[in-house]
Amino acid sequence: MKVVLCFVALILVLPGSLGNPVTDAHDYIHTLFLNQKNYFDGIRIYVGTYTELTASSMIDIVTSEIATWQSRGRSCKGNIFRPRNTEEFGEDLSICVMFATSHLETVGSLIYFYLEAEQEITNGIQMTIMRELRTVNLLEDYDTFYAYARELGAQIEARFYNQRYPDLIEHLEFLDWTAENLPTMLENCINDIPRRLTKLC
């Protein structure tokens with residue numbers, strides 16, 4: 001969660017000096033959306049890292065279980081390692097893996113979908129500002145346009161902190177929970193398989 005707090009500290013730190021009207025307008029708009037882009041890029045890196053680590057942990061669990069299946073089978077009277085039981089174990093193992101990977105994929109996809117939706121909103125705001133630039137004379141109407149831009153920036157900032165940031169934190173906390181608990185859930189699912197198959201001996 002540290003990366004989230006770091007990028008929040010950077011977002012919407014906007015220039016406030018007035019000089020050349022075109023430069024001021026460009027710097028203001030550019031800084032606003034560059035900070036938002038950096039924040040969302042940071043979230044993507046955060047999600048990608050957590051997803052990769054969680055997937056790697058689950059792969060290790062599955063690989064280890066496959067490697068020890070034969071030795072588990074030899075400990076069962078009646079030879080649990082019969083083809084019938086091996087096939088059923090493989091099917092049940094696949095179900096456990098499918099559940100875990102689907103859950104991880106869903107959590108990551110929700111966050112990526114959210115970020116893409118935010119990017120579309122950001123692009124729309126950029127186009128709105130560009131259309132506004134076409135309708136004003138920045139030399140004559142500088143104060144009016146800059147006040148409009150500052151008001152728009154304040155609205156974006158308020159929307160982010162009041163709505164989008166809490167939503168993102170909720171999603172990322174769920175990702176943290178998933179990364180911490182999903183490998184254990186997968187392991188528990190797998191551990192239930194041999195105990196049930198042992199009854200077939």
# chains A, B, ... in the order shown; residues from 1 in each chain; ligands from 1

call {"tool": "residues_around", "arguments": {"residues": "Thr122 of chain A", "least_positions_apart": "2", "cutoff": "12 Å", "atoms": "only C-alpha atoms", "output": "CSV table (one decimal) with N, CA, C and O atoms, in the first residue's frame"}}
result
chain,number,residue,atom,x,y,z
A,29,ILE,N,-2.4,22.5,-17.3
A,29,ILE,CA,-3.1,21.3,-17.8
A,29,ILE,C,-2.1,20.1,-17.8
A,29,ILE,O,-2.5,19.0,-17.4
A,30,HIS,N,-0.9,20.4,-18.3
A,30,HIS,CA,0.1,19.3,-18.4
A,30,HIS,C,0.4,18.6,-17.1
A,30,HIS,O,0.4,17.4,-16.9
A,32,LEU,N,-1.4,18.8,-14.3
A,32,LEU,CA,-2.6,18.1,-13.8
A,32,LEU,C,-2.7,16.6,-14.3
A,32,LEU,O,-2.8,15.7,-13.5
A,33,PHE,N,-2.6,16.5,-15.6
A,33,PHE,CA,-2.8,15.1,-16.1
A,33,PHE,C,-1.6,14.3,-16.1
A,33,PHE,O,-1.7,13.0,-16.0
A,34,LEU,N,-0.4,14.9,-16.0
A,34,LEU,CA,0.8,14.1,-15.9
A,34,LEU,C,0.8,13.4,-14.5
A,34,LEU,O,1.2,12.3,-14.3
A,35,ASN,N,0.4,14.2,-13.4
A,35,ASN,CA,0.4,13.6,-12.1
A,35,ASN,C,-0.6,12.5,-12.0
A,35,ASN,O,-0.4,11.5,-11.3
A,36,GLN,N,-1.8,12.7,-12.7
A,36,GLN,CA,-2.8,11.6,-12.7
A,36,GLN,C,-2.2,10.4,-13.4
A,36,GLN,O,-2.4,9.3,-12.9
A,37,LYS,N,-1.6,10.6,-14.5
A,37,LYS,CA,-1.0,9.5,-15.2
A,37,LYS,C,0.0,8.7,-14.4
A,37,LYS,O,0.0,7.5,-14.3
A,40,PHE,N,-1.8,6.6,-11.8
A,40,PHE,CA,-2.4,5.4,-12.3
A,40,PHE,C,-1.3,4.4,-12.8
A,40,PHE,O,-1.5,3.2,-12.6
A,115,LEU,N,-9.2,1.6,-13.8
A,115,LEU,CA,-8.1,2.5,-14.2
A,115,LEU,C,-8.4,2.9,-15.7
A,115,LEU,O,-8.2,4.1,-16.0
A,116,GLU,N,-8.8,2.0,-16.5
A,116,GLU,CA,-9.1,2.3,-17.9
A,116,GLU,C,-10.3,3.3,-18.0
A,116,GLU,O,-10.3,4.2,-18.8
A,117,ALA,N,-11.3,3.1,-17.1
A,117,ALA,CA,-12.5,4.0,-17.1
A,117,ALA,C,-12.0,5.4,-16.7
A,117,ALA,O,-12.5,6.4,-17.2
A,118,GLU,N,-11.1,5.4,-15.7
A,118,GLU,CA,-10.6,6.7,-15.3
A,118,GLU,C,-9.8,7.4,-16.4
A,118,GLU,O,-9.9,8.6,-16.6
A,119,GLN,N,-9.1,6.6,-17.2
A,119,GLN,CA,-8.3,7.2,-18.3
A,119,GLN,C,-9.2,7.8,-19.3
A,119,GLN,O,-8.9,8.8,-19.9
A,120,GLU,N,-10.3,7.1,-19.6
A,120,GLU,CA,-11.3,7.7,-20.5
A,120,GLU,C,-11.8,9.0,-20.0
A,120,GLU,O,-12.0,9.9,-20.8
A,124,GLY,N,-11.4,12.7,-21.8
A,124,GLY,CA,-12.5,13.5,-22.1
A,124,GLY,C,-12.3,14.9,-21.5
A,124,GLY,O,-12.7,15.9,-22.2
A,125,ILE,N,-11.8,15.0,-20.3
A,125,ILE,CA,-11.5,16.3,-19.7
A,125,ILE,C,-10.5,17.1,-20.5
A,125,ILE,O,-10.6,18.3,-20.8
A,126,GLN,N,-9.5,16.4,-21.0
A,126,GLN,CA,-8.4,17.0,-21.8
A,126,GLN,C,-9.0,17.6,-23.1
A,126,GLN,O,-8.7,18.7,-23.5
A,127,MET,N,-9.9,16.9,-23.7
A,127,MET,CA,-10.6,17.4,-24.9
A,127,MET,C,-11.4,18.6,-24.7
A,127,MET,O,-11.5,19.5,-25.5
A,128,THR,N,-12.1,18.5,-23.5
A,128,THR,CA,-13.0,19.7,-23.1
A,128,THR,C,-12.1,20.9,-23.0
A,128,THR,O,-12.5,22.0,-23.4
A,129,ILE,N,-11.0,20.8,-22.3
A,129,ILE,CA,-10.1,22.0,-22.2
A,129,ILE,C,-9.5,22.5,-23.5
A,129,ILE,O,-9.5,23.7,-23.8
A,152,LEU,N,-11.9,23.9,-12.8
A,152,LEU,CA,-12.0,22.5,-13.3
A,152,LEU,C,-11.1,21.6,-12.6
A,152,LEU,O,-11.4,20.5,-12.2
A,153,GLY,N,-9.9,22.1,-12.3
A,153,GLY,CA,-8.9,21.3,-11.6
A,153,GLY,C,-9.3,21.0,-10.2
A,153,GLY,O,-9.1,19.9,-9.7
A,156,ILE,N,-11.8,18.3,-10.3
A,156,ILE,CA,-11.2,17.0,-10.5
A,156,ILE,C,-10.5,16.5,-9.2
A,156,ILE,O,-10.6,15.3,-8.9
A,157,GLU,N,-9.9,17.4,-8.5
A,157,GLU,CA,-9.2,17.0,-7.3
A,157,GLU,C,-10.2,16.5,-6.3
A,157,GLU,O,-10.0,15.5,-5.6
A,159,ARG,N,-13.2,15.3,-6.8
A,159,ARG,CA,-13.8,14.1,-7.3
A,159,ARG,C,-12.9,12.9,-7.0
A,159,ARG,O,-13.3,11.8,-6.6
A,160,PHE,N,-11.6,13.2,-7.2
A,160,PHE,CA,-10.6,12.1,-6.9
A,160,PHE,C,-10.6,11.7,-5.5
A,160,PHE,O,-10.7,10.6,-5.1

call {"tool": "closest_residue", "arguments": {"among": "A:Met130, A:Ala67, A:Leu182, A:Met98", "to": "Thr51 of chain A", "atoms": "only C-alpha atoms"}}
result
A:Leu182

call {"tool": "atom_distance", "arguments": {"atom1": "atom CA of Ser102 of chain A", "atom2": "atom CA of Tyr39 of chain A"}}
result
26.7 Å

call {"tool": "closest_residue", "arguments": {"among": "A:Ala147, A:Leu168, A:Ile95, A:Ile59", "to": "Phe113 of chain A", "atoms": "only C-alpha atoms"}}
result
A:Leu168

call {"tool": "select_by_dssp", "arguments": {"residues": "segment 66-183 of chain A", "states": "alpha helix (DSSP H)", "output": "PyMOL selection string"}}
result
chain A and resi 66-74+83-135+142-159+165-183

call {"tool": "write_last_selection", "arguments": {"atoms": "C-alpha atoms", "output": "mmCIF file, in the first residue's frame"}}
result
data_model
loop_
_atom_site.group_PDB
_atom_site.id
_atom_site.type_symbol
_atom_site.label_atom_id
_atom_site.label_comp_id
_atom_site.auth_asym_id
_atom_site.auth_seq_id
_atom_site.Cartn_x
_atom_site.Cartn_y
_atom_site.Cartn_z
ATOM 1 C CA ILE A 66 2.182 -32.874 -8.236
ATOM 2 C CA ALA A 67 5.706 -33.913 -7.241
ATOM 3 C CA THR A 68 4.548 -35.541 -3.990
ATOM 4 C CA TRP A 69 1.392 -37.228 -5.340
ATOM 5 C CA GLN A 70 3.139 -40.497 -6.052
ATOM 6 C CA SER A 71 4.691 -40.722 -2.587
ATOM 7 C CA ARG A 72 1.307 -39.978 -1.005
ATOM 8 C CA GLY A 73 -0.228 -42.742 -3.084
ATOM 9 C CA ARG A 74 2.305 -45.311 -1.894
ATOM 10 C CA PRO A 83 -5.099 -44.732 -12.857
ATOM 11 C CA ARG A 84 -8.703 -44.166 -11.804
ATOM 12 C CA ASN A 85 -7.692 -42.253 -8.695
ATOM 13 C CA THR A 86 -4.891 -40.375 -10.411
ATOM 14 C CA GLU A 87 -7.303 -39.129 -13.057
ATOM 15 C CA GLU A 88 -9.786 -37.999 -10.432
ATOM 16 C CA PHE A 89 -7.063 -36.309 -8.406
ATOM 17 C CA GLY A 90 -5.900 -34.454 -11.507
ATOM 18 C CA GLU A 91 -9.445 -33.266 -12.209
ATOM 19 C CA ASP A 92 -9.933 -32.068 -8.635
ATOM 20 C CA LEU A 93 -6.538 -30.376 -8.683
ATOM 21 C CA SER A 94 -7.567 -28.543 -11.841
ATOM 22 C CA ILE A 95 -10.754 -27.342 -10.130
ATOM 23 C CA CYS A 96 -8.744 -25.937 -7.214
ATOM 24 C CA VAL A 97 -6.335 -24.197 -9.560
ATOM 25 C CA MET A 98 -9.166 -22.825 -11.694
ATOM 26 C CA PHE A 99 -10.871 -21.352 -8.631
ATOM 27 C CA ALA A 100 -7.688 -19.673 -7.406
ATOM 28 C CA THR A 101 -6.563 -18.303 -10.771
ATOM 29 C CA SER A 102 -10.054 -17.069 -11.640
ATOM 30 C CA HIS A 103 -10.271 -15.245 -8.330
ATOM 31 C CA LEU A 104 -6.879 -13.601 -8.806
ATOM 32 C CA GLU A 105 -7.686 -12.664 -12.396
ATOM 33 C CA THR A 106 -11.011 -11.154 -11.375
ATOM 34 C CA VAL A 107 -9.485 -8.977 -8.668
ATOM 35 C CA GLY A 108 -6.775 -7.688 -11.009
ATOM 36 C CA SER A 109 -9.207 -7.158 -13.883
ATOM 37 C CA LEU A 110 -11.541 -5.081 -11.712
ATOM 38 C CA ILE A 111 -8.731 -2.702 -10.848
ATOM 39 C CA TYR A 112 -7.475 -2.490 -14.444
ATOM 40 C CA PHE A 113 -11.023 -1.896 -15.677
ATOM 41 C CA TYR A 114 -11.396 0.883 -13.122
ATOM 42 C CA LEU A 115 -8.142 2.512 -14.232
ATOM 43 C CA GLU A 116 -9.132 2.320 -17.903
ATOM 44 C CA ALA A 117 -12.451 3.980 -17.111
ATOM 45 C CA GLU A 118 -10.583 6.734 -15.271
ATOM 46 C CA GLN A 119 -8.278 7.188 -18.252
ATOM 47 C CA GLU A 120 -11.275 7.673 -20.537
ATOM 48 C CA ILE A 121 -12.631 10.329 -18.178
ATOM 49 C CA THR A 122 -9.240 12.055 -18.121
ATOM 50 C CA ASN A 123 -9.062 12.017 -21.926
ATOM 51 C CA GLY A 124 -12.538 13.531 -22.079
ATOM 52 C CA ILE A 125 -11.526 16.342 -19.731
ATOM 53 C CA GLN A 126 -8.439 17.030 -21.814
ATOM 54 C CA MET A 127 -10.555 17.370 -24.950
ATOM 55 C CA THR A 128 -12.951 19.684 -23.108
ATOM 56 C CA ILE A 129 -10.075 21.968 -22.176
ATOM 57 C CA MET A 130 -8.696 21.900 -25.708
ATOM 58 C CA ARG A 131 -12.100 22.864 -27.108
ATOM 59 C CA GLU A 132 -12.225 25.710 -24.600
ATOM 60 C CA LEU A 133 -8.813 26.904 -25.776
ATOM 61 C CA ARG A 134 -10.176 27.197 -29.305
ATOM 62 C CA THR A 135 -12.962 29.528 -28.205
ATOM 63 C CA TYR A 142 -6.500 34.971 -19.823
ATOM 64 C CA ASP A 143 -7.976 35.608 -16.386
ATOM 65 C CA THR A 144 -11.315 34.113 -17.384
ATOM 66 C CA PHE A 145 -9.798 31.009 -18.931
ATOM 67 C CA TYR A 146 -7.298 30.461 -16.131
ATOM 68 C CA ALA A 147 -10.051 30.787 -13.531
ATOM 69 C CA TYR A 148 -12.064 28.243 -15.512
ATOM 70 C CA ALA A 149 -9.092 25.883 -15.637
ATOM 71 C CA ARG A 150 -8.424 26.250 -11.917
ATOM 72 C CA GLU A 151 -12.071 25.601 -11.090
ATOM 73 C CA LEU A 152 -12.043 22.520 -13.290
ATOM 74 C CA GLY A 153 -8.865 21.335 -11.592
ATOM 75 C CA ALA A 154 -10.447 21.797 -8.167
ATOM 76 C CA GLN A 155 -13.446 19.734 -9.290
ATOM 77 C CA ILE A 156 -11.165 16.969 -10.535
ATOM 78 C CA GLU A 157 -9.214 17.006 -7.276
ATOM 79 C CA ALA A 158 -12.381 16.882 -5.171
ATOM 80 C CA ARG A 159 -13.814 14.076 -7.290
ATOM 81 C CA TYR A 165 -9.367 7.463 -4.128
ATOM 82 C CA PRO A 166 -11.574 5.660 -1.535
ATOM 83 C CA ASP A 167 -12.781 3.286 -4.270
ATOM 84 C CA LEU A 168 -9.222 2.507 -5.321
ATOM 85 C CA ILE A 169 -8.126 1.930 -1.735
ATOM 86 C CA GLU A 170 -10.998 -0.518 -1.268
ATOM 87 C CA HIS A 171 -9.984 -2.426 -4.404
ATOM 88 C CA LEU A 172 -6.322 -2.469 -3.406
ATOM 89 C CA GLU A 173 -7.099 -3.642 0.119
ATOM 90 C CA PHE A 174 -9.012 -6.539 -1.418
ATOM 91 C CA LEU A 175 -5.980 -7.251 -3.594
ATOM 92 C CA ASP A 176 -3.807 -7.267 -0.471
ATOM 93 C CA TRP A 177 -6.215 -9.693 1.200
ATOM 94 C CA THR A 178 -6.221 -11.904 -1.886
ATOM 95 C CA ALA A 179 -2.433 -11.972 -2.112
ATOM 96 C CA GLU A 180 -2.199 -12.917 1.551
ATOM 97 C CA ASN A 181 -4.961 -15.537 1.687
ATOM 98 C CA LEU A 182 -5.413 -17.030 -1.776
ATOM 99 C CA PRO A 183 -2.345 -19.323 -1.699
#

call {"tool": "atom_distance", "arguments": {"atom1": "atom CA of Leu186 of chain A", "atom2": "atom CA of Val62 of chain A"}}
result
8.6 Å

call {"tool": "atom_distance", "arguments": {"atom1": "atom CA of Ser57 of chain A", "atom2": "atom CA of Cys189 of chain A"}}
result
14.8 Å

call {"tool": "decode", "arguments": {"residues": "segment 155-169 of chain A", "atoms": "all heavy atoms", "output": "PDB file, in the first residue's frame"}}
result
ATOM      1  N   GLN A 155     -12.392  20.744  -9.191  1.00  0.00           N
ATOM      2  CA  GLN A 155     -13.446  19.734  -9.290  1.00  0.00           C
ATOM      3  C   GLN A 155     -12.856  18.339  -9.472  1.00  0.00           C
ATOM      4  O   GLN A 155     -13.327  17.367  -8.876  1.00  0.00           O
ATOM      5  CB  GLN A 155     -14.386  20.072 -10.454  1.00  0.00           C
ATOM      6  CG  GLN A 155     -15.218  21.323 -10.241  1.00  0.00           C
ATOM      7  CD  GLN A 155     -16.011  21.698 -11.471  1.00  0.00           C
ATOM      8  OE1 GLN A 155     -15.979  21.017 -12.498  1.00  0.00           O
ATOM      9  NE2 GLN A 155     -16.737  22.815 -11.393  1.00  0.00           N
ATOM     10  N   ILE A 156     -11.820  18.257 -10.313  1.00  0.00           N
ATOM     11  CA  ILE A 156     -11.165  16.969 -10.535  1.00  0.00           C
ATOM     12  C   ILE A 156     -10.529  16.470  -9.246  1.00  0.00           C
ATOM     13  O   ILE A 156     -10.632  15.292  -8.887  1.00  0.00           O
ATOM     14  CB  ILE A 156     -10.102  17.104 -11.647  1.00  0.00           C
ATOM     15  CG1 ILE A 156     -10.770  17.438 -12.978  1.00  0.00           C
ATOM     16  CG2 ILE A 156      -9.279  15.831 -11.769  1.00  0.00           C
ATOM     17  CD1 ILE A 156      -9.798  17.816 -14.065  1.00  0.00           C
ATOM     18  N   GLU A 157      -9.863  17.372  -8.536  1.00  0.00           N
ATOM     19  CA  GLU A 157      -9.214  17.006  -7.276  1.00  0.00           C
ATOM     20  C   GLU A 157     -10.237  16.526  -6.254  1.00  0.00           C
ATOM     21  O   GLU A 157     -10.040  15.513  -5.586  1.00  0.00           O
ATOM     22  CB  GLU A 157      -8.440  18.202  -6.724  1.00  0.00           C
ATOM     23  CG  GLU A 157      -7.676  17.887  -5.449  1.00  0.00           C
ATOM     24  CD  GLU A 157      -6.876  19.076  -4.961  1.00  0.00           C
ATOM     25  OE1 GLU A 157      -7.066  20.183  -5.489  1.00  0.00           O
ATOM     26  OE2 GLU A 157      -6.061  18.882  -4.044  1.00  0.00           O
ATOM     27  N   ALA A 158     -11.346  17.263  -6.135  1.00  0.00           N
ATOM     28  CA  ALA A 158     -12.381  16.882  -5.171  1.00  0.00           C
ATOM     29  C   ALA A 158     -12.998  15.544  -5.540  1.00  0.00           C
ATOM     30  O   ALA A 158     -13.240  14.686  -4.675  1.00  0.00           O
ATOM     31  CB  ALA A 158     -13.461  17.968  -5.119  1.00  0.00           C
ATOM     32  N   ARG A 159     -13.239  15.348  -6.836  1.00  0.00           N
ATOM     33  CA  ARG A 159     -13.814  14.076  -7.290  1.00  0.00           C
ATOM     34  C   ARG A 159     -12.881  12.926  -6.977  1.00  0.00           C
ATOM     35  O   ARG A 159     -13.312  11.848  -6.554  1.00  0.00           O
ATOM     36  CB  ARG A 159     -14.073  14.152  -8.796  1.00  0.00           C
ATOM     37  CG  ARG A 159     -14.529  12.841  -9.424  1.00  0.00           C
ATOM     38  CD  ARG A 159     -14.785  13.043 -10.925  1.00  0.00           C
ATOM     39  NE  ARG A 159     -15.040  11.776 -11.584  1.00  0.00           N
ATOM     40  CZ  ARG A 159     -14.079  10.985 -12.074  1.00  0.00           C
ATOM     41  NH1 ARG A 159     -12.817  11.329 -11.930  1.00  0.00           N
ATOM     42  NH2 ARG A 159     -14.378   9.843 -12.663  1.00  0.00           N
ATOM     43  N   PHE A 160     -11.587  13.159  -7.180  1.00  0.00           N
ATOM     44  CA  PHE A 160     -10.629  12.089  -6.931  1.00  0.00           C
ATOM     45  C   PHE A 160     -10.583  11.725  -5.451  1.00  0.00           C
ATOM     46  O   PHE A 160     -10.712  10.559  -5.078  1.00  0.00           O
ATOM     47  CB  PHE A 160      -9.240  12.504  -7.407  1.00  0.00           C
ATOM     48  CG  PHE A 160      -8.188  11.467  -7.099  1.00  0.00           C
ATOM     49  CD1 PHE A 160      -8.037  10.364  -7.934  1.00  0.00           C
ATOM     50  CD2 PHE A 160      -7.377  11.581  -5.992  1.00  0.00           C
ATOM     51  CE1 PHE A 160      -7.092   9.393  -7.648  1.00  0.00           C
ATOM     52  CE2 PHE A 160      -6.427  10.624  -5.701  1.00  0.00           C
ATOM     53  CZ  PHE A 160      -6.286   9.531  -6.532  1.00  0.00           C
ATOM     54  N   TYR A 161     -10.383  12.713  -4.596  1.00  0.00           N
ATOM     55  CA  TYR A 161     -10.204  12.429  -3.178  1.00  0.00           C
ATOM     56  C   TYR A 161     -11.488  11.976  -2.493  1.00  0.00           C
ATOM     57  O   TYR A 161     -11.447  11.176  -1.562  1.00  0.00           O
ATOM     58  CB  TYR A 161      -9.644  13.652  -2.457  1.00  0.00           C
ATOM     59  CG  TYR A 161      -8.166  13.837  -2.671  1.00  0.00           C
ATOM     60  CD1 TYR A 161      -7.679  14.879  -3.458  1.00  0.00           C
ATOM     61  CD2 TYR A 161      -7.245  12.955  -2.114  1.00  0.00           C
ATOM     62  CE1 TYR A 161      -6.321  15.042  -3.669  1.00  0.00           C
ATOM     63  CE2 TYR A 161      -5.889  13.102  -2.324  1.00  0.00           C
ATOM     64  CZ  TYR A 161      -5.430  14.147  -3.094  1.00  0.00           C
ATOM     65  OH  TYR A 161      -4.093  14.297  -3.307  1.00  0.00           O
ATOM     66  N   ASN A 162     -12.623  12.469  -2.953  1.00  0.00           N
ATOM     67  CA  ASN A 162     -13.887  12.132  -2.301  1.00  0.00           C
ATOM     68  C   ASN A 162     -14.498  10.834  -2.799  1.00  0.00           C
ATOM     69  O   ASN A 162     -15.262  10.185  -2.086  1.00  0.00           O
ATOM     70  CB  ASN A 162     -14.903  13.268  -2.495  1.00  0.00           C
ATOM     71  CG  ASN A 162     -14.475  14.544  -1.793  1.00  0.00           C
ATOM     72  OD1 ASN A 162     -13.726  14.511  -0.821  1.00  0.00           O
ATOM     73  ND2 ASN A 162     -14.925  15.680  -2.306  1.00  0.00           N
ATOM     74  N   GLN A 163     -14.185  10.463  -4.047  1.00  0.00           N
ATOM     75  CA  GLN A 163     -14.833   9.289  -4.626  1.00  0.00           C
ATOM     76  C   GLN A 163     -13.833   8.269  -5.151  1.00  0.00           C
ATOM     77  O   GLN A 163     -13.841   7.106  -4.749  1.00  0.00           O
ATOM     78  CB  GLN A 163     -15.770   9.715  -5.764  1.00  0.00           C
ATOM     79  CG  GLN A 163     -16.481   8.559  -6.442  1.00  0.00           C
ATOM     80  CD  GLN A 163     -17.404   9.022  -7.555  1.00  0.00           C
ATOM     81  OE1 GLN A 163     -17.594  10.228  -7.748  1.00  0.00           O
ATOM     82  NE2 GLN A 163     -17.963   8.089  -8.293  1.00  0.00           N
ATOM     83  N   ARG A 164     -12.958   8.676  -6.050  1.00  0.00           N
ATOM     84  CA  ARG A 164     -12.098   7.710  -6.731  1.00  0.00           C
ATOM     85  C   ARG A 164     -11.031   7.126  -5.824  1.00  0.00           C
ATOM     86  O   ARG A 164     -10.759   5.931  -5.868  1.00  0.00           O
ATOM     87  CB  ARG A 164     -11.444   8.362  -7.953  1.00  0.00           C
ATOM     88  CG  ARG A 164     -12.441   8.804  -9.005  1.00  0.00           C
ATOM     89  CD  ARG A 164     -13.386   7.674  -9.362  1.00  0.00           C
ATOM     90  NE  ARG A 164     -14.350   8.046 -10.376  1.00  0.00           N
ATOM     91  CZ  ARG A 164     -15.356   7.280 -10.771  1.00  0.00           C
ATOM     92  NH1 ARG A 164     -15.524   6.095 -10.210  1.00  0.00           N
ATOM     93  NH2 ARG A 164     -16.209   7.675 -11.687  1.00  0.00           N
ATOM     94  N   TYR A 165     -10.408   7.976  -5.008  1.00  0.00           N
ATOM     95  CA  TYR A 165      -9.367   7.463  -4.128  1.00  0.00           C
ATOM     96  C   TYR A 165      -9.910   6.438  -3.130  1.00  0.00           C
ATOM     97  O   TYR A 165      -9.323   5.357  -2.978  1.00  0.00           O
ATOM     98  CB  TYR A 165      -8.685   8.615  -3.393  1.00  0.00           C
ATOM     99  CG  TYR A 165      -7.641   8.157  -2.408  1.00  0.00           C
ATOM    100  CD1 TYR A 165      -6.453   7.576  -2.843  1.00  0.00           C
ATOM    101  CD2 TYR A 165      -7.840   8.302  -1.042  1.00  0.00           C
ATOM    102  CE1 TYR A 165      -5.493   7.152  -1.946  1.00  0.00           C
ATOM    103  CE2 TYR A 165      -6.882   7.878  -0.133  1.00  0.00           C
ATOM    104  CZ  TYR A 165      -5.721   7.304  -0.593  1.00  0.00           C
ATOM    105  OH  TYR A 165      -4.770   6.879   0.292  1.00  0.00           O
ATOM    106  N   PRO A 166     -11.028   6.699  -2.435  1.00  0.00           N
ATOM    107  CA  PRO A 166     -11.574   5.660  -1.535  1.00  0.00           C
ATOM    108  C   PRO A 166     -11.925   4.368  -2.270  1.00  0.00           C
ATOM    109  O   PRO A 166     -11.724   3.275  -1.731  1.00  0.00           O
ATOM    110  CB  PRO A 166     -12.830   6.331  -0.954  1.00  0.00           C
ATOM    111  CG  PRO A 166     -12.554   7.802  -1.048  1.00  0.00           C
ATOM    112  CD  PRO A 166     -11.784   7.966  -2.323  1.00  0.00           C
ATOM    113  N   ASP A 167     -12.454   4.486  -3.494  1.00  0.00           N
ATOM    114  CA  ASP A 167     -12.781   3.286  -4.270  1.00  0.00           C
ATOM    115  C   ASP A 167     -11.522   2.491  -4.589  1.00  0.00           C
ATOM    116  O   ASP A 167     -11.496   1.257  -4.477  1.00  0.00           O
ATOM    117  CB  ASP A 167     -13.489   3.670  -5.578  1.00  0.00           C
ATOM    118  CG  ASP A 167     -14.907   4.160  -5.341  1.00  0.00           C
ATOM    119  OD1 ASP A 167     -15.425   3.952  -4.225  1.00  0.00           O
ATOM    120  OD2 ASP A 167     -15.493   4.747  -6.267  1.00  0.00           O
ATOM    121  N   LEU A 168     -10.474   3.186  -4.994  1.00  0.00           N
ATOM    122  CA  LEU A 168      -9.222   2.507  -5.321  1.00  0.00           C
ATOM    123  C   LEU A 168      -8.624   1.828  -4.091  1.00  0.00           C
ATOM    124  O   LEU A 168      -8.141   0.697  -4.170  1.00  0.00           O
ATOM    125  CB  LEU A 168      -8.220   3.506  -5.885  1.00  0.00           C
ATOM    126  CG  LEU A 168      -8.246   3.716  -7.404  1.00  0.00           C
ATOM    127  CD1 LEU A 168      -7.315   4.858  -7.790  1.00  0.00           C
ATOM    128  CD2 LEU A 168      -7.870   2.453  -8.141  1.00  0.00           C
ATOM    129  N   ILE A 169      -8.656   2.512  -2.966  1.00  0.00           N
ATOM    130  CA  ILE A 169      -8.126   1.930  -1.735  1.00  0.00           C
ATOM    131  C   ILE A 169      -8.882   0.658  -1.383  1.00  0.00           C
ATOM    132  O   ILE A 169      -8.293  -0.357  -0.984  1.00  0.00           O
ATOM    133  CB  ILE A 169      -8.200   2.937  -0.576  1.00  0.00           C
ATOM    134  CG1 ILE A 169      -7.216   4.082  -0.818  1.00  0.00           C
ATOM    135  CG2 ILE A 169      -7.896   2.260   0.756  1.00  0.00           C
ATOM    136  CD1 ILE A 169      -5.770   3.636  -0.898  1.00  0.00           C
TER     137      ILE A 169
END
